[in-house]
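Asker: Structure file input.txt (compact mmCIF, N, CA and C atoms and all ligand atoms) is given on the next line.
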# COMPACT_ATOMS: atom_id res chain seq x y z
N MET V 1 22.14 -19.46 12.27
CA MET V 1 21.27 -18.42 12.82
C MET V 1 20.01 -19.08 13.36
N GLU V 2 19.64 -18.69 14.55
CA GLU V 2 18.43 -19.27 15.14
C GLU V 2 17.45 -18.15 15.46
N ALA V 3 16.36 -18.06 14.68
CA ALA V 3 15.36 -17.03 14.93
C ALA V 3 14.53 -17.41 16.16
N ARG V 4 14.03 -16.40 16.85
CA ARG V 4 13.23 -16.65 18.05
C ARG V 4 11.79 -16.99 17.71
N GLY V 5 11.37 -16.61 16.52
CA GLY V 5 9.99 -16.86 16.11
C GLY V 5 9.62 -15.86 15.03
N ILE V 6 8.37 -15.89 14.63
CA ILE V 6 7.90 -14.95 13.62
C ILE V 6 7.47 -13.66 14.33
N HIS V 7 8.08 -12.56 13.91
CA HIS V 7 7.77 -11.26 14.50
C HIS V 7 6.51 -10.67 13.88
N HIS V 8 6.41 -10.76 12.55
CA HIS V 8 5.19 -10.32 11.86
C HIS V 8 5.17 -10.89 10.45
N VAL V 9 3.98 -10.84 9.86
CA VAL V 9 3.81 -11.15 8.44
C VAL V 9 3.46 -9.83 7.76
N GLY V 10 4.24 -9.47 6.75
CA GLY V 10 4.00 -8.24 6.00
C GLY V 10 3.02 -8.50 4.86
N ILE V 11 2.01 -7.64 4.74
CA ILE V 11 0.94 -7.85 3.75
C ILE V 11 0.76 -6.57 2.95
N ALA V 12 0.89 -6.67 1.64
CA ALA V 12 0.68 -5.51 0.77
C ALA V 12 -0.81 -5.32 0.55
N VAL V 13 -1.28 -4.09 0.74
CA VAL V 13 -2.72 -3.80 0.60
C VAL V 13 -2.92 -2.59 -0.31
N GLU V 14 -4.10 -2.51 -0.90
CA GLU V 14 -4.41 -1.37 -1.78
C GLU V 14 -4.80 -0.13 -0.97
N ASP V 15 -5.51 -0.35 0.14
CA ASP V 15 -6.07 0.76 0.92
C ASP V 15 -5.85 0.46 2.40
N LEU V 16 -5.03 1.26 3.06
CA LEU V 16 -4.63 0.94 4.42
C LEU V 16 -5.80 1.02 5.40
N ASP V 17 -6.63 2.05 5.28
CA ASP V 17 -7.76 2.17 6.21
C ASP V 17 -8.73 1.01 6.06
N GLU V 18 -9.00 0.65 4.81
CA GLU V 18 -9.92 -0.45 4.56
C GLU V 18 -9.34 -1.76 5.10
N ALA V 19 -8.04 -1.98 4.87
CA ALA V 19 -7.42 -3.22 5.34
C ALA V 19 -7.40 -3.27 6.87
N LEU V 20 -7.11 -2.15 7.49
CA LEU V 20 -7.13 -2.09 8.96
C LEU V 20 -8.51 -2.48 9.48
N GLY V 21 -9.53 -1.92 8.85
CA GLY V 21 -10.90 -2.25 9.26
C GLY V 21 -11.19 -3.73 9.11
N THR V 22 -10.69 -4.33 8.04
CA THR V 22 -10.91 -5.76 7.82
C THR V 22 -10.26 -6.59 8.92
N TYR V 23 -9.01 -6.26 9.24
CA TYR V 23 -8.30 -7.05 10.26
C TYR V 23 -8.91 -6.84 11.65
N GLU V 24 -9.44 -5.65 11.90
CA GLU V 24 -10.11 -5.41 13.19
C GLU V 24 -11.44 -6.17 13.26
N ARG V 25 -12.20 -6.07 12.19
CA ARG V 25 -13.56 -6.61 12.18
C ARG V 25 -13.57 -8.14 12.09
N LEU V 26 -12.74 -8.69 11.20
CA LEU V 26 -12.80 -10.14 10.98
C LEU V 26 -11.96 -10.93 11.98
N LEU V 27 -10.85 -10.32 12.45
CA LEU V 27 -9.87 -11.11 13.20
C LEU V 27 -9.55 -10.54 14.57
N GLY V 28 -10.22 -9.45 14.95
CA GLY V 28 -9.97 -8.87 16.27
C GLY V 28 -8.62 -8.20 16.38
N GLY V 29 -8.09 -7.72 15.26
CA GLY V 29 -6.81 -7.03 15.29
C GLY V 29 -6.90 -5.70 16.01
N ARG V 30 -5.77 -5.30 16.63
CA ARG V 30 -5.70 -4.01 17.33
C ARG V 30 -4.51 -3.23 16.79
N LEU V 31 -4.78 -2.01 16.34
CA LEU V 31 -3.71 -1.16 15.78
C LEU V 31 -2.68 -0.88 16.86
N GLU V 32 -1.41 -1.16 16.51
CA GLU V 32 -0.31 -0.96 17.46
C GLU V 32 0.46 0.32 17.09
N HIS V 33 0.84 0.46 15.83
CA HIS V 33 1.54 1.65 15.35
C HIS V 33 1.07 1.91 13.92
N ARG V 34 1.19 3.15 13.52
CA ARG V 34 0.95 3.50 12.13
C ARG V 34 2.01 4.53 11.75
N GLU V 35 2.62 4.34 10.58
CA GLU V 35 3.72 5.24 10.21
C GLU V 35 3.79 5.38 8.71
N ARG V 36 4.05 6.62 8.28
CA ARG V 36 4.26 6.91 6.86
C ARG V 36 5.74 7.21 6.66
N VAL V 37 6.36 6.49 5.72
CA VAL V 37 7.79 6.70 5.47
C VAL V 37 7.93 7.14 4.02
N ASP V 38 8.01 8.45 3.82
CA ASP V 38 7.98 8.99 2.46
C ASP V 38 9.14 8.50 1.61
N ASP V 39 10.33 8.41 2.20
CA ASP V 39 11.48 8.04 1.35
C ASP V 39 11.46 6.55 0.98
N GLN V 40 10.62 5.76 1.63
CA GLN V 40 10.44 4.36 1.20
C GLN V 40 9.12 4.18 0.44
N GLY V 41 8.36 5.27 0.34
CA GLY V 41 7.12 5.23 -0.44
C GLY V 41 6.05 4.34 0.15
N VAL V 42 5.99 4.28 1.48
CA VAL V 42 5.06 3.33 2.09
C VAL V 42 4.39 3.94 3.31
N GLU V 43 3.14 3.56 3.53
CA GLU V 43 2.48 3.83 4.80
C GLU V 43 2.12 2.47 5.38
N ALA V 44 2.47 2.27 6.64
CA ALA V 44 2.33 0.94 7.24
C ALA V 44 1.58 1.01 8.55
N ALA V 45 0.91 -0.08 8.85
CA ALA V 45 0.23 -0.22 10.13
C ALA V 45 0.64 -1.55 10.73
N SER V 46 1.05 -1.50 11.99
CA SER V 46 1.36 -2.72 12.72
C SER V 46 0.13 -3.10 13.54
N VAL V 47 -0.34 -4.31 13.34
CA VAL V 47 -1.61 -4.74 13.94
C VAL V 47 -1.38 -5.99 14.77
N ARG V 48 -1.72 -5.92 16.04
CA ARG V 48 -1.60 -7.11 16.91
C ARG V 48 -2.84 -7.97 16.74
N ILE V 49 -2.60 -9.27 16.63
CA ILE V 49 -3.69 -10.25 16.60
C ILE V 49 -3.32 -11.30 17.64
N GLY V 50 -3.94 -11.22 18.81
CA GLY V 50 -3.50 -12.05 19.91
C GLY V 50 -2.05 -11.75 20.21
N GLU V 51 -1.23 -12.79 20.27
CA GLU V 51 0.20 -12.57 20.54
C GLU V 51 0.99 -12.37 19.26
N SER V 52 0.32 -12.40 18.12
CA SER V 52 1.00 -12.30 16.83
C SER V 52 0.77 -10.92 16.22
N ARG V 53 1.29 -10.74 15.04
CA ARG V 53 1.29 -9.40 14.46
C ARG V 53 1.31 -9.48 12.94
N VAL V 54 0.54 -8.61 12.30
CA VAL V 54 0.69 -8.40 10.85
C VAL V 54 1.10 -6.94 10.62
N GLU V 55 1.81 -6.74 9.53
CA GLU V 55 2.25 -5.40 9.13
C GLU V 55 1.59 -5.11 7.78
N LEU V 56 0.62 -4.22 7.78
CA LEU V 56 -0.08 -3.87 6.55
C LEU V 56 0.70 -2.77 5.85
N LEU V 57 0.94 -2.96 4.54
CA LEU V 57 1.80 -2.05 3.78
C LEU V 57 1.03 -1.49 2.59
N ALA V 58 0.88 -0.17 2.55
CA ALA V 58 0.23 0.48 1.41
C ALA V 58 1.24 1.36 0.70
N ALA V 59 1.19 1.37 -0.63
CA ALA V 59 2.14 2.15 -1.42
C ALA V 59 1.70 3.61 -1.47
N LEU V 60 2.68 4.52 -1.43
CA LEU V 60 2.39 5.95 -1.60
C LEU V 60 2.40 6.34 -3.08
N GLY V 61 2.79 5.41 -3.96
CA GLY V 61 2.79 5.68 -5.39
C GLY V 61 3.07 4.39 -6.14
N ASP V 62 2.85 4.43 -7.46
CA ASP V 62 3.07 3.22 -8.27
C ASP V 62 4.56 2.87 -8.37
N ASP V 63 5.41 3.89 -8.40
CA ASP V 63 6.84 3.64 -8.58
C ASP V 63 7.56 3.58 -7.23
N THR V 64 7.08 2.68 -6.40
CA THR V 64 7.68 2.43 -5.08
C THR V 64 7.78 0.91 -4.94
N PRO V 65 8.57 0.41 -4.00
CA PRO V 65 8.68 -1.06 -3.89
C PRO V 65 7.33 -1.75 -3.69
N VAL V 66 6.50 -1.23 -2.80
CA VAL V 66 5.20 -1.88 -2.58
C VAL V 66 4.26 -1.63 -3.77
N GLY V 67 4.36 -0.46 -4.38
CA GLY V 67 3.55 -0.17 -5.57
C GLY V 67 3.86 -1.13 -6.71
N ARG V 68 5.16 -1.40 -6.91
CA ARG V 68 5.55 -2.34 -7.97
C ARG V 68 5.12 -3.76 -7.62
N PHE V 69 5.21 -4.12 -6.33
CA PHE V 69 4.75 -5.45 -5.89
C PHE V 69 3.25 -5.60 -6.18
N LEU V 70 2.46 -4.58 -5.85
CA LEU V 70 1.01 -4.65 -6.07
C LEU V 70 0.68 -4.76 -7.56
N ALA V 71 1.44 -4.02 -8.38
CA ALA V 71 1.18 -4.07 -9.82
C ALA V 71 1.49 -5.46 -10.38
N ARG V 72 2.53 -6.09 -9.85
CA ARG V 72 3.00 -7.37 -10.37
C ARG V 72 2.19 -8.53 -9.81
N ARG V 73 1.89 -8.48 -8.50
CA ARG V 73 1.33 -9.64 -7.82
C ARG V 73 -0.06 -9.41 -7.26
N GLY V 74 -0.45 -8.14 -7.13
CA GLY V 74 -1.71 -7.84 -6.46
C GLY V 74 -1.53 -7.90 -4.95
N PRO V 75 -2.60 -7.57 -4.20
CA PRO V 75 -2.50 -7.58 -2.75
C PRO V 75 -2.25 -8.98 -2.22
N GLY V 76 -1.55 -9.06 -1.11
CA GLY V 76 -1.29 -10.37 -0.51
C GLY V 76 -0.02 -10.36 0.32
N VAL V 77 0.41 -11.56 0.70
CA VAL V 77 1.58 -11.67 1.57
C VAL V 77 2.82 -11.13 0.84
N HIS V 78 3.53 -10.23 1.49
CA HIS V 78 4.70 -9.56 0.91
C HIS V 78 6.01 -10.10 1.50
N HIS V 79 6.04 -10.30 2.82
CA HIS V 79 7.25 -10.85 3.45
C HIS V 79 6.91 -11.45 4.80
N ILE V 80 7.85 -12.23 5.30
CA ILE V 80 7.74 -12.77 6.66
C ILE V 80 8.96 -12.30 7.43
N ALA V 81 8.72 -11.77 8.64
CA ALA V 81 9.81 -11.23 9.46
C ALA V 81 10.05 -12.13 10.66
N TYR V 82 11.32 -12.45 10.87
CA TYR V 82 11.74 -13.33 11.97
C TYR V 82 12.45 -12.50 13.03
N GLU V 83 12.07 -12.72 14.27
CA GLU V 83 12.70 -12.00 15.36
C GLU V 83 14.03 -12.65 15.71
N VAL V 84 15.07 -11.81 15.81
CA VAL V 84 16.40 -12.29 16.19
C VAL V 84 16.92 -11.40 17.32
N ALA V 85 17.92 -11.92 18.03
CA ALA V 85 18.48 -11.14 19.14
C ALA V 85 19.28 -9.95 18.62
N ASP V 86 19.98 -10.15 17.48
CA ASP V 86 20.94 -9.16 17.01
C ASP V 86 20.96 -9.21 15.48
N VAL V 87 20.49 -8.16 14.83
CA VAL V 87 20.38 -8.18 13.36
C VAL V 87 21.76 -8.28 12.70
N ARG V 88 22.73 -7.55 13.24
CA ARG V 88 24.06 -7.58 12.62
C ARG V 88 24.65 -9.00 12.68
N ALA V 89 24.52 -9.64 13.82
CA ALA V 89 25.02 -11.02 13.95
C ALA V 89 24.25 -11.96 13.03
N ALA V 90 22.93 -11.75 12.92
CA ALA V 90 22.11 -12.60 12.05
C ALA V 90 22.55 -12.47 10.59
N ILE V 91 22.82 -11.22 10.16
CA ILE V 91 23.29 -10.99 8.78
C ILE V 91 24.59 -11.76 8.53
N ALA V 92 25.51 -11.67 9.47
CA ALA V 92 26.80 -12.35 9.31
C ALA V 92 26.60 -13.86 9.21
N GLU V 93 25.72 -14.40 10.05
CA GLU V 93 25.49 -15.85 10.03
C GLU V 93 24.76 -16.29 8.76
N LEU V 94 23.80 -15.47 8.31
CA LEU V 94 23.09 -15.79 7.07
C LEU V 94 24.05 -15.76 5.88
N ALA V 95 24.90 -14.74 5.82
CA ALA V 95 25.86 -14.63 4.72
C ALA V 95 26.81 -15.82 4.74
N ALA V 96 27.28 -16.19 5.93
CA ALA V 96 28.20 -17.33 6.05
C ALA V 96 27.52 -18.63 5.62
N ALA V 97 26.20 -18.69 5.79
CA ALA V 97 25.45 -19.88 5.40
C ALA V 97 25.06 -19.86 3.92
N GLY V 98 25.46 -18.80 3.21
CA GLY V 98 25.24 -18.75 1.77
C GLY V 98 23.98 -18.04 1.34
N ALA V 99 23.27 -17.39 2.25
CA ALA V 99 22.05 -16.67 1.87
C ALA V 99 22.41 -15.36 1.17
N GLU V 100 21.58 -15.01 0.19
CA GLU V 100 21.77 -13.73 -0.51
C GLU V 100 20.99 -12.65 0.23
N LEU V 101 21.71 -11.61 0.66
CA LEU V 101 21.08 -10.56 1.47
C LEU V 101 20.68 -9.38 0.59
N VAL V 102 19.52 -8.81 0.86
CA VAL V 102 19.15 -7.54 0.25
C VAL V 102 19.90 -6.40 0.94
N ASP V 103 20.02 -6.52 2.26
CA ASP V 103 20.70 -5.50 3.07
C ASP V 103 21.96 -6.11 3.68
N ALA V 104 23.12 -5.57 3.28
CA ALA V 104 24.39 -6.06 3.83
C ALA V 104 24.64 -5.50 5.23
N GLU V 105 23.91 -4.45 5.57
CA GLU V 105 24.03 -3.80 6.88
C GLU V 105 22.63 -3.69 7.48
N PRO V 106 22.52 -3.73 8.81
CA PRO V 106 21.21 -3.46 9.42
C PRO V 106 20.75 -2.06 9.05
N ARG V 107 19.46 -1.89 8.89
CA ARG V 107 18.96 -0.53 8.68
C ARG V 107 17.75 -0.30 9.56
N ARG V 108 17.42 0.97 9.71
CA ARG V 108 16.28 1.31 10.55
C ARG V 108 14.99 1.02 9.77
N GLY V 109 14.18 0.12 10.29
CA GLY V 109 12.92 -0.18 9.66
C GLY V 109 11.82 0.70 10.24
N MET V 110 10.60 0.32 9.99
CA MET V 110 9.50 1.09 10.55
C MET V 110 9.35 0.82 12.04
N PHE V 111 8.69 1.72 12.71
CA PHE V 111 8.34 1.57 14.12
C PHE V 111 9.57 1.45 15.02
N GLY V 112 10.72 2.04 14.58
CA GLY V 112 11.91 2.04 15.40
C GLY V 112 12.67 0.72 15.46
N LEU V 113 12.32 -0.22 14.59
CA LEU V 113 12.96 -1.52 14.61
C LEU V 113 14.24 -1.51 13.77
N GLU V 114 15.17 -2.39 14.10
CA GLU V 114 16.36 -2.61 13.28
C GLU V 114 16.08 -3.84 12.43
N VAL V 115 16.29 -3.73 11.11
CA VAL V 115 15.90 -4.81 10.21
C VAL V 115 16.94 -5.05 9.13
N ALA V 116 16.85 -6.21 8.48
CA ALA V 116 17.56 -6.49 7.23
C ALA V 116 16.72 -7.51 6.47
N PHE V 117 16.78 -7.41 5.14
CA PHE V 117 16.00 -8.33 4.30
C PHE V 117 16.89 -9.36 3.62
N VAL V 118 16.34 -10.55 3.45
CA VAL V 118 17.02 -11.66 2.77
C VAL V 118 16.28 -11.91 1.46
N HIS V 119 17.05 -12.10 0.40
CA HIS V 119 16.46 -12.26 -0.93
C HIS V 119 15.54 -13.49 -0.98
N PRO V 120 14.38 -13.35 -1.65
CA PRO V 120 13.46 -14.49 -1.71
C PRO V 120 14.05 -15.75 -2.34
N GLU V 121 15.00 -15.58 -3.26
CA GLU V 121 15.57 -16.77 -3.90
C GLU V 121 16.33 -17.65 -2.92
N SER V 122 16.74 -17.05 -1.80
CA SER V 122 17.45 -17.84 -0.79
C SER V 122 16.51 -18.52 0.19
N VAL V 123 15.21 -18.16 0.15
CA VAL V 123 14.26 -18.68 1.14
C VAL V 123 13.01 -19.22 0.40
N HIS V 124 13.27 -19.95 -0.67
CA HIS V 124 12.18 -20.64 -1.38
C HIS V 124 11.05 -19.71 -1.78
N GLY V 125 11.45 -18.54 -2.30
CA GLY V 125 10.45 -17.65 -2.89
C GLY V 125 9.81 -16.66 -1.94
N VAL V 126 10.25 -16.66 -0.67
CA VAL V 126 9.62 -15.76 0.31
C VAL V 126 10.62 -14.66 0.72
N LEU V 127 10.28 -13.42 0.41
CA LEU V 127 11.08 -12.31 0.94
C LEU V 127 11.05 -12.40 2.46
N SER V 128 12.23 -12.42 3.06
CA SER V 128 12.31 -12.65 4.50
C SER V 128 13.08 -11.51 5.16
N GLU V 129 12.65 -11.18 6.37
CA GLU V 129 13.20 -10.06 7.11
C GLU V 129 13.68 -10.59 8.45
N VAL V 130 14.82 -10.11 8.91
CA VAL V 130 15.20 -10.35 10.31
C VAL V 130 15.07 -9.03 11.04
N VAL V 131 14.58 -9.09 12.27
CA VAL V 131 14.21 -7.88 12.98
C VAL V 131 14.55 -8.02 14.45
N SER V 132 14.97 -6.90 15.04
CA SER V 132 15.11 -6.88 16.50
C SER V 132 14.68 -5.52 17.00
N GLY V 133 14.35 -5.47 18.25
CA GLY V 133 14.01 -4.20 18.87
C GLY V 133 12.54 -4.00 19.12
N GLY V 134 11.73 -4.96 18.75
CA GLY V 134 10.29 -4.82 18.99
C GLY V 134 9.79 -5.94 19.85
CO CO V 201 8.28 -6.14 7.93
Could you quickly redo this structure as structure tokens?
Ligand code: CO
Answerer:
Amino acid sequence: MEARGIHHVGIAVEDLDEALGTYERLLGGRLEHRERVDDQGVEAASVRIGESRVELLAALGDDTPVGRFLARRGPGVHHIAYEVADVRAAIAELAAAGAELVDAEPRRGMFGLEVAFVHPESVHGVLSEVVSGG
């Protein structure tokens, strides 16, 4: 599998508005999309920084994936997303290469993207995402 580059870095935050303000003020970030996904327990903001992007992730409750991450690790880098041409093909190639997948099938991520996650144990401790469509 050959990724095209880093699509975004996902960052878990305690307060989405405050974090957005920080990225705008300190780094010149520009809000690209903002979306609340109740069934995933997350509110996210996609922020452009030059040609790059961060995805700020705030939990809607303690018993959600991001809520549990914040309780365990505190705020900080949550995942790195790699842009690929085709998520389904990337999943097949990753599986064939022995990577442990969180998602065996592509699923609809935030902001209309197609995504799949790779288990951190397969990528030296970093939860990794493959993404296309953005
Ligand atoms: Co992401």
Asker: Let me have all residues with an atom within 7 Å of ligand CO 201 (chain V), counting all atoms listed in the file, laid out as a compact mmCIF listing (two decimals) with N, CA and C atoms, in the coordinates of the input.
Answerer:
# COMPACT_ATOMS: atom_id res chain seq x y z
N HIS V 8 6.41 -10.76 12.55
CA HIS V 8 5.19 -10.32 11.86
C HIS V 8 5.17 -10.89 10.45
N VAL V 9 3.98 -10.84 9.86
CA VAL V 9 3.81 -11.15 8.44
C VAL V 9 3.46 -9.83 7.76
N GLY V 10 4.24 -9.47 6.75
CA GLY V 10 4.00 -8.24 6.00
C GLY V 10 3.02 -8.50 4.86
N GLU V 55 1.81 -6.74 9.53
CA GLU V 55 2.25 -5.40 9.13
C GLU V 55 1.59 -5.11 7.78
N HIS V 79 6.04 -10.30 2.82
CA HIS V 79 7.25 -10.85 3.45
C HIS V 79 6.91 -11.45 4.80
N ILE V 80 7.85 -12.23 5.30
CA ILE V 80 7.74 -12.77 6.66
C ILE V 80 8.96 -12.30 7.43
N ALA V 81 8.72 -11.77 8.64
CA ALA V 81 9.81 -11.23 9.46
C ALA V 81 10.05 -12.13 10.66
N GLU V 129 12.65 -11.18 6.37
CA GLU V 129 13.20 -10.06 7.11
C GLU V 129 13.68 -10.59 8.45
Asker: For atom CA of V:His119 and atom CA of V:Glu32, determine how far apart the two atoms are, in Å to one decimal place.
Answerer: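 Value for the atom CA of V:His119-atom CA of V:Glu32 distance: 27.3 Å.
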Asker: Using only C-alpha atoms, find the one residue out of V:Ala97, V:Val37, V:Ala89, V:Ala44 that sits nearest to V:Asp17.
Answerer: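 Ranked by minimum distance to V:Asp17, first place goes to V:Ala44.
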Asker: Excluding V:Val87 and any residue of its chain fewer than 3 positions from it, enumerate the residues within 8 Å of it, using all atoms listed in the file, and give them as a PyMOL selection string.
Answerer: chain V and resi 83-84+90-93+105-107+114-116+130-133
Asker: Between atom CA of V:Asp38 and atom CA of V:Arg88, what is the distance, to one decimal in Å?
Answerer: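 So the two atoms, atom CA of V:Asp38 and atom CA of V:Arg88, lie 25.2 Å apart.
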Asker: How many Å separate atom CA of V:Ala45 from atom CA of V:Leu20?
Answerer: 7.7 Å
Asker: With distances taken over only N, CA and C atoms, which residue among V:Ser52, V:Phe111, V:Tyr82, V:Leu27 lies nearest V:Gly5?
Answerer: V:Tyr82
Asker: Pull the strand (DSSP E or B) assignments for chain V out of DSSP run on the backbone, and list those residues as a ChimeraX atom specification.
Answerer: /V:5-13,30-37,42-49,52-59,76-83,101,107-108,114-118,128-132
Asker: Using DSSP assignments from the backbone, pull out every residue in stretch 18-74 of chain V that falls under alpha helix (DSSP H) and give it to me as a list in words.
Answerer: Glu18, Ala19, Leu20, Gly21, Thr22, Tyr23, Glu24, Arg25, Leu26, Leu27, Pro65, Val66, Gly67, Arg68, Phe69, Leu70, Ala71, Arg72 and Arg73 of chain V
Asker: Take the residues just selected and output them with N, CA and C atoms as a CSV table (one decimal), in the coordinates of the input.
Answerer:
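And here's out_35.csv as it stands now:
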chain,number,residue,atom,x,y,z
V,18,GLU,N,-9.0,0.6,4.8
V,18,GLU,CA,-9.9,-0.4,4.6
V,18,GLU,C,-9.3,-1.8,5.1
V,19,ALA,N,-8.0,-2.0,4.9
V,19,ALA,CA,-7.4,-3.2,5.3
V,19,ALA,C,-7.4,-3.3,6.9
V,20,LEU,N,-7.1,-2.2,7.5
V,20,LEU,CA,-7.1,-2.1,9.0
V,20,LEU,C,-8.5,-2.5,9.5
V,21,GLY,N,-9.5,-1.9,8.8
V,21,GLY,CA,-10.9,-2.2,9.3
V,21,GLY,C,-11.2,-3.7,9.1
V,22,THR,N,-10.7,-4.3,8.0
V,22,THR,CA,-10.9,-5.8,7.8
V,22,THR,C,-10.3,-6.6,8.9
V,23,TYR,N,-9.0,-6.3,9.2
V,23,TYR,CA,-8.3,-7.0,10.3
V,23,TYR,C,-8.9,-6.8,11.6
V,24,GLU,N,-9.4,-5.6,11.9
V,24,GLU,CA,-10.1,-5.4,13.2
V,24,GLU,C,-11.4,-6.2,13.3
V,25,ARG,N,-12.2,-6.1,12.2
V,25,ARG,CA,-13.6,-6.6,12.2
V,25,ARG,C,-13.6,-8.1,12.1
V,26,LEU,N,-12.7,-8.7,11.2
V,26,LEU,CA,-12.8,-10.1,11.0
V,26,LEU,C,-12.0,-10.9,12.0
V,27,LEU,N,-10.8,-10.3,12.4
V,27,LEU,CA,-9.9,-11.1,13.2
V,27,LEU,C,-9.6,-10.5,14.6
V,65,PRO,N,8.6,0.4,-4.0
V,65,PRO,CA,8.7,-1.1,-3.9
V,65,PRO,C,7.3,-1.8,-3.7
V,66,VAL,N,6.5,-1.2,-2.8
V,66,VAL,CA,5.2,-1.9,-2.6
V,66,VAL,C,4.3,-1.6,-3.8
V,67,GLY,N,4.4,-0.5,-4.4
V,67,GLY,CA,3.6,-0.2,-5.6
V,67,GLY,C,3.9,-1.1,-6.7
V,68,ARG,N,5.2,-1.4,-6.9
V,68,ARG,CA,5.6,-2.3,-8.0
V,68,ARG,C,5.1,-3.8,-7.6
V,69,PHE,N,5.2,-4.1,-6.3
V,69,PHE,CA,4.8,-5.4,-5.9
V,69,PHE,C,3.2,-5.6,-6.2
V,70,LEU,N,2.5,-4.6,-5.8
V,70,LEU,CA,1.0,-4.6,-6.1
V,70,LEU,C,0.7,-4.8,-7.6
V,71,ALA,N,1.4,-4.0,-8.4
V,71,ALA,CA,1.2,-4.1,-9.8
V,71,ALA,C,1.5,-5.5,-10.4
V,72,ARG,N,2.5,-6.1,-9.8
V,72,ARG,CA,3.0,-7.4,-10.4
V,72,ARG,C,2.2,-8.5,-9.8
V,73,ARG,N,1.9,-8.5,-8.5
V,73,ARG,CA,1.3,-9.6,-7.8
V,73,ARG,C,-0.1,-9.4,-7.3
Asker: Taking all atoms listed in the file into account, which of V:Gly112, V:Gly41, V:Gly28, V:Gly74 comes nearest V:Ala59?
Answerer: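 Distance minimum relative to V:Ala59 lands on V:Gly41.
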Asker: Pick out the closest residue to V:Thr22 from this set: V:His7, V:Val47, V:Gly125, V:Met1. Count only C-alpha atoms.
Answerer: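 Result for the nearest residue to V:Thr22: V:Val47.
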Asker: Please determine, counting only C-alpha atoms, which residue among V:Ala71, V:Asp63, V:Leu57, V:Leu94 has the shortest atom-to-atom distance to V:Glu2.
Answerer: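 Checking each candidate against V:Glu2, we get V:Leu94 as the closest.
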Asker: Could you check which of V:Gly98, V:Glu51, V:Val77, V:Val42 is closest to V:Ser122, using all atoms listed in the file?
Answerer: V:Gly98
Asker: With all atoms of stretch 29-48 of chain V from the file as input, state the centre and edge lengths in Å to one decimal of the axis-aligned box that has 8 Å extra on each side, as JSON.
Answerer:
{"center_x": 1.7, "center_y": 0.5, "center_z": 8.5, "size_x": 35.6, "size_y": 33.0, "size_z": 33.9}
